[in-house]
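**Q** Got a file for you: my_file04.cif, mmCIF, C-alpha atoms and all ligand atoms.
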data_query
#
loop_
_atom_site.label_atom_id
_atom_site.label_comp_id
_atom_site.auth_asym_id
_atom_site.auth_seq_id
_atom_site.Cartn_x
_atom_site.Cartn_y
_atom_site.Cartn_z
CA MET A 1 -88.43 -59.86 41.08
CA ASP A 2 -85.09 -59.94 39.28
CA SER A 3 -82.89 -57.11 40.44
CA ARG A 4 -80.22 -56.99 37.74
CA LEU A 5 -82.05 -54.45 35.58
CA ILE A 6 -81.42 -50.77 36.36
CA VAL A 7 -83.80 -48.43 34.54
CA ALA A 8 -82.40 -44.95 33.83
CA LEU A 9 -84.99 -42.29 34.68
CA ASP A 10 -83.76 -39.97 31.92
CA VAL A 11 -86.76 -37.66 31.81
CA PRO A 12 -86.91 -33.87 32.06
CA ARG A 13 -88.95 -33.46 35.21
CA ILE A 14 -89.13 -34.94 38.69
CA ALA A 15 -92.84 -35.67 38.26
CA ASP A 16 -92.10 -37.66 35.08
CA ALA A 17 -89.40 -39.66 36.88
CA GLU A 18 -91.71 -40.48 39.77
CA ALA A 19 -94.54 -41.41 37.41
CA LEU A 20 -92.27 -43.74 35.42
CA ALA A 21 -90.89 -45.34 38.58
CA ALA A 22 -94.41 -45.82 39.95
CA ARG A 23 -95.55 -47.39 36.69
CA LEU A 24 -92.62 -49.81 36.79
CA ASP A 25 -93.09 -50.61 40.47
CA GLY A 26 -93.88 -54.32 40.09
CA ALA A 27 -91.24 -54.95 37.42
CA VAL A 28 -88.15 -52.94 38.39
CA SER A 29 -86.30 -52.58 41.68
CA TRP A 30 -83.35 -50.38 40.59
CA PHE A 31 -83.52 -46.86 39.18
CA LYS A 32 -80.74 -44.60 37.91
CA LEU A 33 -80.93 -40.86 38.52
CA GLY A 34 -78.57 -38.60 36.62
CA LEU A 35 -77.30 -35.07 36.17
CA GLN A 36 -80.40 -33.92 34.34
CA LEU A 37 -82.52 -34.36 37.47
CA PHE A 38 -80.05 -33.59 40.27
CA PRO A 39 -80.57 -29.80 40.00
CA LEU A 40 -84.33 -30.40 40.23
CA GLY A 41 -84.38 -32.57 43.36
CA ALA A 42 -83.37 -36.08 42.34
CA MET A 43 -81.80 -36.80 45.73
CA ASP A 44 -85.29 -36.46 47.23
CA VAL A 45 -86.59 -38.88 44.60
CA SER A 46 -83.84 -41.28 45.66
CA ALA A 47 -84.92 -41.00 49.29
CA ARG A 48 -88.57 -41.60 48.40
CA LEU A 49 -87.76 -44.59 46.21
CA ARG A 50 -85.52 -46.09 48.89
CA ALA A 51 -88.25 -45.61 51.51
CA LYS A 52 -90.41 -47.83 49.29
CA GLY A 53 -87.73 -50.53 49.19
CA LYS A 54 -86.21 -49.59 45.82
CA LYS A 55 -82.49 -49.24 45.11
CA THR A 56 -81.00 -46.14 43.54
CA PHE A 57 -78.01 -45.62 41.29
CA LEU A 58 -76.88 -42.00 41.70
CA ASP A 59 -75.00 -41.14 38.53
CA TRP A 60 -73.18 -38.05 39.83
CA LYS A 61 -69.90 -38.83 37.99
CA LEU A 62 -67.93 -36.93 40.64
CA HIS A 63 -64.72 -35.26 39.47
CA ASP A 64 -63.04 -32.52 41.54
CA ILE A 65 -60.11 -32.05 43.92
CA PRO A 66 -59.87 -34.98 46.32
CA LYS A 67 -61.10 -33.13 49.44
CA THR A 68 -64.22 -31.94 47.64
CA VAL A 69 -64.93 -35.43 46.28
CA GLU A 70 -64.44 -36.90 49.74
CA ARG A 71 -66.93 -34.42 51.24
CA ALA A 72 -69.41 -34.82 48.38
CA THR A 73 -69.30 -38.60 48.74
CA ARG A 74 -69.93 -38.24 52.47
CA SER A 75 -72.94 -35.99 51.82
CA ILE A 76 -74.33 -38.42 49.24
CA ALA A 77 -73.82 -41.38 51.60
CA GLU A 78 -75.70 -39.47 54.31
CA ALA A 79 -78.53 -38.62 51.92
CA GLY A 80 -78.70 -42.30 50.91
CA GLY A 81 -78.12 -44.28 47.75
CA ASP A 82 -76.92 -47.67 46.60
CA PHE A 83 -74.56 -46.96 43.68
CA LEU A 84 -72.55 -43.76 43.11
CA THR A 85 -70.29 -43.01 40.13
CA ILE A 86 -66.85 -41.40 40.39
CA HIS A 87 -64.46 -40.60 37.52
CA ALA A 88 -61.64 -43.14 37.54
CA GLU A 89 -58.63 -41.05 38.47
CA PRO A 90 -56.64 -42.61 41.30
CA ASP A 91 -56.56 -39.75 43.83
CA ILE A 92 -60.21 -38.94 43.21
CA MET A 93 -61.25 -42.57 43.72
CA ARG A 94 -59.20 -42.85 46.92
CA ALA A 95 -60.90 -39.70 48.22
CA ALA A 96 -64.34 -41.12 47.45
CA VAL A 97 -63.47 -44.35 49.26
CA GLN A 98 -62.47 -42.21 52.30
CA GLY A 99 -65.69 -40.21 52.07
CA LYS A 100 -67.85 -43.29 51.90
CA ALA A 101 -66.17 -44.55 55.09
CA ASP A 102 -68.18 -47.43 56.50
CA ASP A 103 -71.53 -46.69 54.85
CA PRO A 104 -73.05 -50.16 54.53
CA ASP A 105 -75.25 -49.49 51.48
CA LEU A 106 -73.34 -47.26 49.11
CA LYS A 107 -71.18 -48.94 46.46
CA LEU A 108 -68.73 -46.81 44.52
CA LEU A 109 -68.47 -47.39 40.78
CA ALA A 110 -65.65 -46.04 38.61
CA VAL A 111 -66.51 -44.35 35.32
CA THR A 112 -63.57 -45.69 33.31
CA VAL A 113 -63.62 -43.85 29.98
CA LEU A 114 -66.70 -42.01 28.74
CA THR A 115 -68.02 -43.73 25.64
CA SER A 116 -68.13 -40.35 23.91
CA TYR A 117 -64.30 -40.41 23.78
CA ASP A 118 -62.43 -42.11 20.96
CA ASP A 119 -58.68 -42.64 20.53
CA ALA A 120 -58.17 -39.38 18.62
CA MET A 121 -59.84 -37.36 21.37
CA LEU A 122 -57.70 -38.99 24.04
CA THR A 123 -54.56 -38.13 22.03
CA GLU A 124 -55.80 -34.55 21.73
CA MET A 125 -56.22 -34.44 25.53
CA GLY A 126 -52.67 -35.69 26.01
CA TYR A 127 -53.25 -39.35 26.88
CA ALA A 128 -50.78 -41.94 25.57
CA TYR A 129 -53.40 -44.71 25.69
CA THR A 130 -56.08 -45.94 23.35
CA ALA A 131 -59.57 -45.81 24.86
CA ARG A 132 -59.61 -49.58 25.32
CA ASP A 133 -56.17 -49.69 27.00
CA LEU A 134 -57.15 -46.80 29.26
CA VAL A 135 -60.31 -48.66 30.32
CA PHE A 136 -58.23 -51.63 31.53
CA ARG A 137 -55.61 -49.40 33.16
CA ARG A 138 -58.37 -47.64 35.06
CA ILE A 139 -60.06 -50.87 36.13
CA GLU A 140 -56.77 -51.86 37.72
CA GLN A 141 -56.45 -48.47 39.41
CA ALA A 142 -60.06 -48.57 40.61
CA LEU A 143 -59.48 -51.91 42.28
CA GLU A 144 -56.26 -50.62 43.86
CA ALA A 145 -58.16 -47.60 45.20
CA GLY A 146 -60.78 -49.81 46.88
CA MET A 147 -63.70 -49.08 44.56
CA ASP A 148 -66.57 -51.58 44.50
CA GLY A 149 -66.92 -51.83 40.75
CA MET A 150 -66.93 -50.14 37.36
CA ILE A 151 -69.08 -48.90 34.55
CA ILE A 152 -67.84 -50.49 31.35
CA SER A 153 -69.27 -51.57 28.03
CA PRO A 154 -70.55 -55.16 27.89
CA LEU A 155 -67.96 -55.72 25.15
CA GLU A 156 -65.17 -55.10 27.69
CA ALA A 157 -66.68 -57.24 30.46
CA THR A 158 -65.30 -60.61 29.33
CA GLU A 159 -61.72 -59.39 29.30
CA ALA A 160 -62.20 -57.50 32.57
CA ARG A 161 -63.35 -60.73 34.26
CA LYS A 162 -60.48 -62.67 32.71
CA ARG A 163 -57.84 -60.18 33.84
CA PHE A 164 -59.21 -59.04 37.19
CA GLY A 165 -61.52 -61.81 38.46
CA ASP A 166 -65.04 -61.82 39.83
CA ASP A 167 -64.65 -59.89 43.04
CA PHE A 168 -66.02 -56.54 41.84
CA LEU A 169 -69.21 -55.22 40.28
CA ILE A 170 -69.57 -54.69 36.55
CA VAL A 171 -72.43 -52.41 35.54
CA THR A 172 -72.96 -51.93 31.82
CA PRO A 173 -74.93 -49.35 29.87
CA GLY A 174 -75.09 -49.72 26.09
CA VAL A 175 -77.65 -52.49 26.41
CA ARG A 176 -80.34 -53.03 23.82
CA PRO A 177 -82.92 -55.83 23.72
CA ALA A 178 -82.85 -57.54 20.32
CA GLY A 179 -84.89 -55.53 17.85
CA SER A 180 -84.97 -52.24 19.77
CA ALA A 181 -83.54 -48.97 18.42
CA VAL A 182 -79.82 -48.55 19.05
CA GLY A 183 -80.08 -44.74 19.04
CA ASP A 184 -76.76 -43.04 19.78
CA GLN A 185 -75.24 -46.07 21.51
CA LYS A 186 -72.46 -47.57 19.38
CA ARG A 187 -71.13 -50.61 21.17
CA VAL A 188 -74.21 -52.50 22.27
CA ALA A 189 -75.13 -55.96 23.52
CA THR A 190 -78.46 -57.55 24.43
CA PRO A 191 -79.25 -57.83 28.17
CA GLY A 192 -78.74 -61.61 28.06
CA ASP A 193 -75.39 -61.32 26.28
CA ALA A 194 -74.22 -58.59 28.70
CA MET A 195 -74.87 -60.95 31.63
CA ARG A 196 -73.16 -63.84 29.84
CA MET A 197 -70.15 -61.59 29.15
CA GLY A 198 -69.72 -60.91 32.87
CA ALA A 199 -72.01 -58.00 33.82
CA ASP A 200 -73.71 -57.98 37.22
CA TYR A 201 -76.21 -55.25 36.32
CA VAL A 202 -77.39 -53.68 33.08
CA VAL A 203 -78.52 -50.06 32.73
CA VAL A 204 -81.32 -49.53 30.22
CA GLY A 205 -82.95 -46.18 29.50
CA ARG A 206 -84.85 -45.46 26.34
CA PRO A 207 -85.84 -49.04 25.41
CA VAL A 208 -87.96 -49.07 28.60
CA ALA A 209 -88.82 -45.39 29.12
CA GLU A 210 -89.90 -44.84 25.51
CA ALA A 211 -91.63 -48.19 25.01
CA ALA A 212 -95.36 -48.16 24.27
CA ASP A 213 -95.65 -50.47 27.30
CA PRO A 214 -92.69 -49.87 29.66
CA VAL A 215 -93.77 -52.63 32.05
CA ALA A 216 -93.84 -55.21 29.26
CA ALA A 217 -90.45 -53.97 28.01
CA ALA A 218 -88.93 -54.27 31.50
CA ASN A 219 -90.44 -57.72 32.02
CA ALA A 220 -89.03 -58.92 28.69
CA ILE A 221 -85.56 -57.75 29.77
CA ASN A 222 -85.99 -59.42 33.19
CA ALA A 223 -86.90 -62.67 31.44
CA GLU A 224 -83.84 -62.42 29.20
CA ILE A 225 -81.58 -61.79 32.22
CA ALA A 226 -83.13 -64.67 34.18
CA GLU A 227 -82.59 -66.98 31.24
CA ALA A 228 -78.93 -65.94 30.90
CA LEU A 229 -78.34 -66.42 34.64
CA SER A 230 -79.93 -69.87 34.69
CA ASN A 231 -77.43 -71.29 32.20
O1 LIG B 301 -81.29 -44.79 26.82
P1 LIG B 301 -80.06 -45.60 27.09
O2 LIG B 301 -80.34 -47.06 27.39
O3 LIG B 301 -79.00 -45.42 26.04
O4 LIG B 301 -79.51 -44.96 28.44
C1 LIG B 301 -78.32 -45.39 29.03
C2 LIG B 301 -78.03 -44.62 30.27
O5 LIG B 301 -76.70 -44.94 30.68
C3 LIG B 301 -78.05 -43.12 30.12
O6 LIG B 301 -78.49 -42.57 31.37
C4 LIG B 301 -76.63 -42.75 29.84
O7 LIG B 301 -76.30 -41.46 30.28
C5 LIG B 301 -75.90 -43.77 30.66
N1 LIG B 301 -74.55 -44.08 30.18
C6 LIG B 301 -74.26 -44.55 28.92
N2 LIG B 301 -72.98 -44.84 28.54
C7 LIG B 301 -71.98 -44.68 29.40
C8 LIG B 301 -72.24 -44.22 30.69
C9 LIG B 301 -73.55 -43.92 31.04
O8 LIG B 301 -75.15 -44.72 28.11
N3 LIG B 301 -70.77 -45.01 29.04
#
Output the structure of this file as structure tokens.
Ligand code: C5P
**A**
Amino acid sequence: MDSRLIVALDVPRIADAEALAARLDGAVSWFKLGLQLFPLGAMDVSARLRAKGKKTFLDWKLHDIPKTVERATRSIAEAGGDFLTIHAEPDIMRAAVQGKADDPDLKLLAVTVLTSYDDAMLTEMGYAYTARDLVFRRIEQALEAGMDGMIISPLEATEARKRFGDDFLIVTPGVRPAGSAVGDQKRVATPGDAMRMGADYVVVGRPVAEAADPVAAANAINAEIAEALSN
């Protein structure tokens, strides 16, 4: 089974998430759990999925004072997960790296700039960077802090690889198989193009979860990824 596809379990209830994961069992090995389900018990879902040999991406997007982020990262490492997101501010990332300590499984991914921000919003918040320049500044800072990788758009992956090399993970949302609804995503690429542009993993939510046949949708994405990786 190809393991470069991460399916986002963006559903309202734990039972729905477990049903979708069970349905996708033969086709998908990675699942993303996010803020919508953490208050309802998503860390237990993570533990159950991992006990079945699945990998989990815990999209906590941690952002707090360094000591709290360090302790939260330690708790999450103890509970168990494979990817964890942290907002890409240098002291916060360094704290997360401390908190992870020598956990062998957990990889820390930096959330560079939320895609909901544009240049005008960053100016309003007091940043002297465009969104794109801030993404690359934060990639550099994430690598300096000892993070394992980043969440970026596929459209930034080529330049990230060119400037910073291959020795870190690139995980990209904003992925849409050709012909599927773009929805609210603005800067999208197909799964195959995302891999060709330098991604290691793609996160796909609605095109799988809302497909009439989620297993067929996931298998089509797996085939596209396998084809891109074989060239
Ligand atoms: O349904 P869709 O494929 O758009 O879902 C993408 C997933 O990736 C969602 O869980 C969304 O919150 C997440 N995400 C994103 N864009 C980012 C960061 C995370 O779409 N920049």
**Q** Would you list the contacts of Arg23 in chain A as a list in words, taking every protein, DNA or RNA residue within 9 Å and counting only C-alpha atoms, but skipping same-chain residues closer than 5 positions in sequence?
**A**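 Everything that qualifies: Glu18, Pro214 and Val215 of chain A.
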**Q** Could you give me, as a compact mmCIF listing (two decimals) with C-alpha atoms, keeping the file's coordinate frame, the residues that have an atom at most 10 Å away from the point (-62.9, -41.6, 47.3) in the coordinates of the file, using all atoms listed in the file?
**A**
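Result file result.txt:
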# COMPACT_ATOMS: atom_id res chain seq x y z
CA LEU A 62 -67.93 -36.93 40.64
CA PRO A 66 -59.87 -34.98 46.32
CA LYS A 67 -61.10 -33.13 49.44
CA THR A 68 -64.22 -31.94 47.64
CA VAL A 69 -64.93 -35.43 46.28
CA GLU A 70 -64.44 -36.90 49.74
CA ARG A 71 -66.93 -34.42 51.24
CA ALA A 72 -69.41 -34.82 48.38
CA THR A 73 -69.30 -38.60 48.74
CA ARG A 74 -69.93 -38.24 52.47
CA ILE A 86 -66.85 -41.40 40.39
CA HIS A 87 -64.46 -40.60 37.52
CA ALA A 88 -61.64 -43.14 37.54
CA GLU A 89 -58.63 -41.05 38.47
CA PRO A 90 -56.64 -42.61 41.30
CA ASP A 91 -56.56 -39.75 43.83
CA ILE A 92 -60.21 -38.94 43.21
CA MET A 93 -61.25 -42.57 43.72
CA ARG A 94 -59.20 -42.85 46.92
CA ALA A 95 -60.90 -39.70 48.22
CA ALA A 96 -64.34 -41.12 47.45
CA VAL A 97 -63.47 -44.35 49.26
CA GLN A 98 -62.47 -42.21 52.30
CA GLY A 99 -65.69 -40.21 52.07
CA LYS A 100 -67.85 -43.29 51.90
CA ALA A 101 -66.17 -44.55 55.09
CA LEU A 108 -68.73 -46.81 44.52
CA ALA A 145 -58.16 -47.60 45.20
CA GLY A 146 -60.78 -49.81 46.88
CA MET A 147 -63.70 -49.08 44.56
**Q** Quick one: contact table of chain A to ligand LIG 301 (chain B), 7 Å max, nearest atom pair and distance in Å to one decimal per residue, counting all atoms listed in the file, chain and number order, as JSON lines?
**A**
{"residue": "A:Ala8", "atom": "CA", "partner": "B:LIG301", "partner_atom": "O6", "distance": 5.2}
{"residue": "A:Asp10", "atom": "CA", "partner": "B:LIG301", "partner_atom": "O6", "distance": 5.9}
{"residue": "A:Gly34", "atom": "CA", "partner": "B:LIG301", "partner_atom": "O6", "distance": 6.6}
{"residue": "A:Leu114", "atom": "CA", "partner": "B:LIG301", "partner_atom": "N3", "distance": 5.1}
{"residue": "A:Thr115", "atom": "CA", "partner": "B:LIG301", "partner_atom": "N3", "distance": 4.6}
{"residue": "A:Ile151", "atom": "CA", "partner": "B:LIG301", "partner_atom": "C8", "distance": 6.8}
{"residue": "A:Ile152", "atom": "CA", "partner": "B:LIG301", "partner_atom": "N3", "distance": 6.6}
{"residue": "A:Ser153", "atom": "CA", "partner": "B:LIG301", "partner_atom": "N3", "distance": 6.8}
{"residue": "A:Pro173", "atom": "CA", "partner": "B:LIG301", "partner_atom": "O5", "distance": 4.8}
{"residue": "A:Gly174", "atom": "CA", "partner": "B:LIG301", "partner_atom": "O8", "distance": 5.4}
{"residue": "A:Val175", "atom": "CA", "partner": "B:LIG301", "partner_atom": "O2", "distance": 6.1}
{"residue": "A:Arg176", "atom": "CA", "partner": "B:LIG301", "partner_atom": "O2", "distance": 7.0}
{"residue": "A:Gln185", "atom": "CA", "partner": "B:LIG301", "partner_atom": "O3", "distance": 5.9}
{"residue": "A:Val203", "atom": "CA", "partner": "B:LIG301", "partner_atom": "O5", "distance": 5.8}
{"residue": "A:Val204", "atom": "CA", "partner": "B:LIG301", "partner_atom": "O2", "distance": 3.9}
{"residue": "A:Gly205", "atom": "CA", "partner": "B:LIG301", "partner_atom": "O1", "distance": 3.4}
{"residue": "A:Arg206", "atom": "CA", "partner": "B:LIG301", "partner_atom": "O1", "distance": 3.7}
{"residue": "A:Pro207", "atom": "CA", "partner": "B:LIG301", "partner_atom": "O2", "distance": 6.2}
**Q** Generate the output file for the selected residues, C-alpha atoms, as a PDB file, in the coordinates of the input.
**A**
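part20.pdb, written as the output of this step:
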ATOM      1  CA  ALA A   8     -82.400 -44.950  33.830  1.00  0.00           C
ATOM      2  CA  ASP A  10     -83.760 -39.970  31.920  1.00  0.00           C
ATOM      3  CA  GLY A  34     -78.570 -38.600  36.620  1.00  0.00           C
ATOM      4  CA  LEU A 114     -66.700 -42.010  28.740  1.00  0.00           C
ATOM      5  CA  THR A 115     -68.020 -43.730  25.640  1.00  0.00           C
ATOM      6  CA  ILE A 151     -69.080 -48.900  34.550  1.00  0.00           C
ATOM      7  CA  ILE A 152     -67.840 -50.490  31.350  1.00  0.00           C
ATOM      8  CA  SER A 153     -69.270 -51.570  28.030  1.00  0.00           C
ATOM      9  CA  PRO A 173     -74.930 -49.350  29.870  1.00  0.00           C
ATOM     10  CA  GLY A 174     -75.090 -49.720  26.090  1.00  0.00           C
ATOM     11  CA  VAL A 175     -77.650 -52.490  26.410  1.00  0.00           C
ATOM     12  CA  ARG A 176     -80.340 -53.030  23.820  1.00  0.00           C
ATOM     13  CA  GLN A 185     -75.240 -46.070  21.510  1.00  0.00           C
ATOM     14  CA  VAL A 203     -78.520 -50.060  32.730  1.00  0.00           C
ATOM     15  CA  VAL A 204     -81.320 -49.530  30.220  1.00  0.00           C
ATOM     16  CA  GLY A 205     -82.950 -46.180  29.500  1.00  0.00           C
ATOM     17  CA  ARG A 206     -84.850 -45.460  26.340  1.00  0.00           C
ATOM     18  CA  PRO A 207     -85.840 -49.040  25.410  1.00  0.00           C
TER      19      PRO A 207
END
**Q** Quick one, how far is CA of Ala220 in chain A from CA of Phe83 in chain A?
**A**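 That distance, rounded to one decimal, is 24.0 Å.
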**Q** Skipping near chain neighbours, those fewer than 4 positions away, what residues fall within 9 Å of range 25-31 of chain A using all atoms listed in the file, listed as an mmCIF file with C-alpha atoms, in the frame of the given file?
**A**
data_model
loop_
_atom_site.group_PDB
_atom_site.id
_atom_site.type_symbol
_atom_site.label_atom_id
_atom_site.label_comp_id
_atom_site.auth_asym_id
_atom_site.auth_seq_id
_atom_site.Cartn_x
_atom_site.Cartn_y
_atom_site.Cartn_z
ATOM 1 C CA MET A 1 -88.430 -59.860 41.080
ATOM 2 C CA ASP A 2 -85.090 -59.940 39.280
ATOM 3 C CA SER A 3 -82.890 -57.110 40.440
ATOM 4 C CA ARG A 4 -80.220 -56.990 37.740
ATOM 5 C CA LEU A 5 -82.050 -54.450 35.580
ATOM 6 C CA ILE A 6 -81.420 -50.770 36.360
ATOM 7 C CA VAL A 7 -83.800 -48.430 34.540
ATOM 8 C CA ALA A 8 -82.400 -44.950 33.830
ATOM 9 C CA LEU A 9 -84.990 -42.290 34.680
ATOM 10 C CA LEU A 20 -92.270 -43.740 35.420
ATOM 11 C CA ALA A 21 -90.890 -45.340 38.580
ATOM 12 C CA SER A 46 -83.840 -41.280 45.660
ATOM 13 C CA LEU A 49 -87.760 -44.590 46.210
ATOM 14 C CA GLY A 53 -87.730 -50.530 49.190
ATOM 15 C CA LYS A 54 -86.210 -49.590 45.820
ATOM 16 C CA LYS A 55 -82.490 -49.240 45.110
ATOM 17 C CA THR A 56 -81.000 -46.140 43.540
ATOM 18 C CA PHE A 57 -78.010 -45.620 41.290
ATOM 19 C CA LEU A 58 -76.880 -42.000 41.700
ATOM 20 C CA VAL A 203 -78.520 -50.060 32.730
ATOM 21 C CA VAL A 215 -93.770 -52.630 32.050
ATOM 22 C CA ALA A 216 -93.840 -55.210 29.260
ATOM 23 C CA ALA A 218 -88.930 -54.270 31.500
ATOM 24 C CA ASN A 219 -90.440 -57.720 32.020
ATOM 25 C CA ASN A 222 -85.990 -59.420 33.190
#
**Q** Here's a test: counting all atoms listed in the file, identify every protein, DNA and RNA residue with an atom at most 12 Å from (-55.8, -42.7, 27.8) in the file's coordinate frame, and state them as a list in words.
**A** Ala88, Glu89, Thr112, Val113, Leu114, Tyr117, Asp118, Asp119, Ala120, Met121, Leu122, Thr123, Glu124, Met125, Gly126, Tyr127, Ala128, Tyr129, Thr130, Ala131, Arg132, Asp133, Leu134, Val135, Phe136, Arg137 and Arg138 of chain A
**Q** Mind giving me the straight-line distance from CA of Gly165 in chain A to CA of Arg196 in chain A in Å, one decimal?
**A**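 CA of Arg196 in chain A lies at a distance of 14.6 Å from CA of Gly165 in chain A.
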**Q** Between CA of Asp148 in chain A and CA of Val202 in chain A, what is the distance, to one decimal in Å?
**A**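 Separation between CA of Asp148 in chain A and CA of Val202 in chain A: 15.9 Å.
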**Q** Using only C-alpha atoms, find the one residue out of A:Met195, A:Ala79, A:Val171, A:Leu35 that sits nearest to Asn231 in chain A.
**A** A:Met195
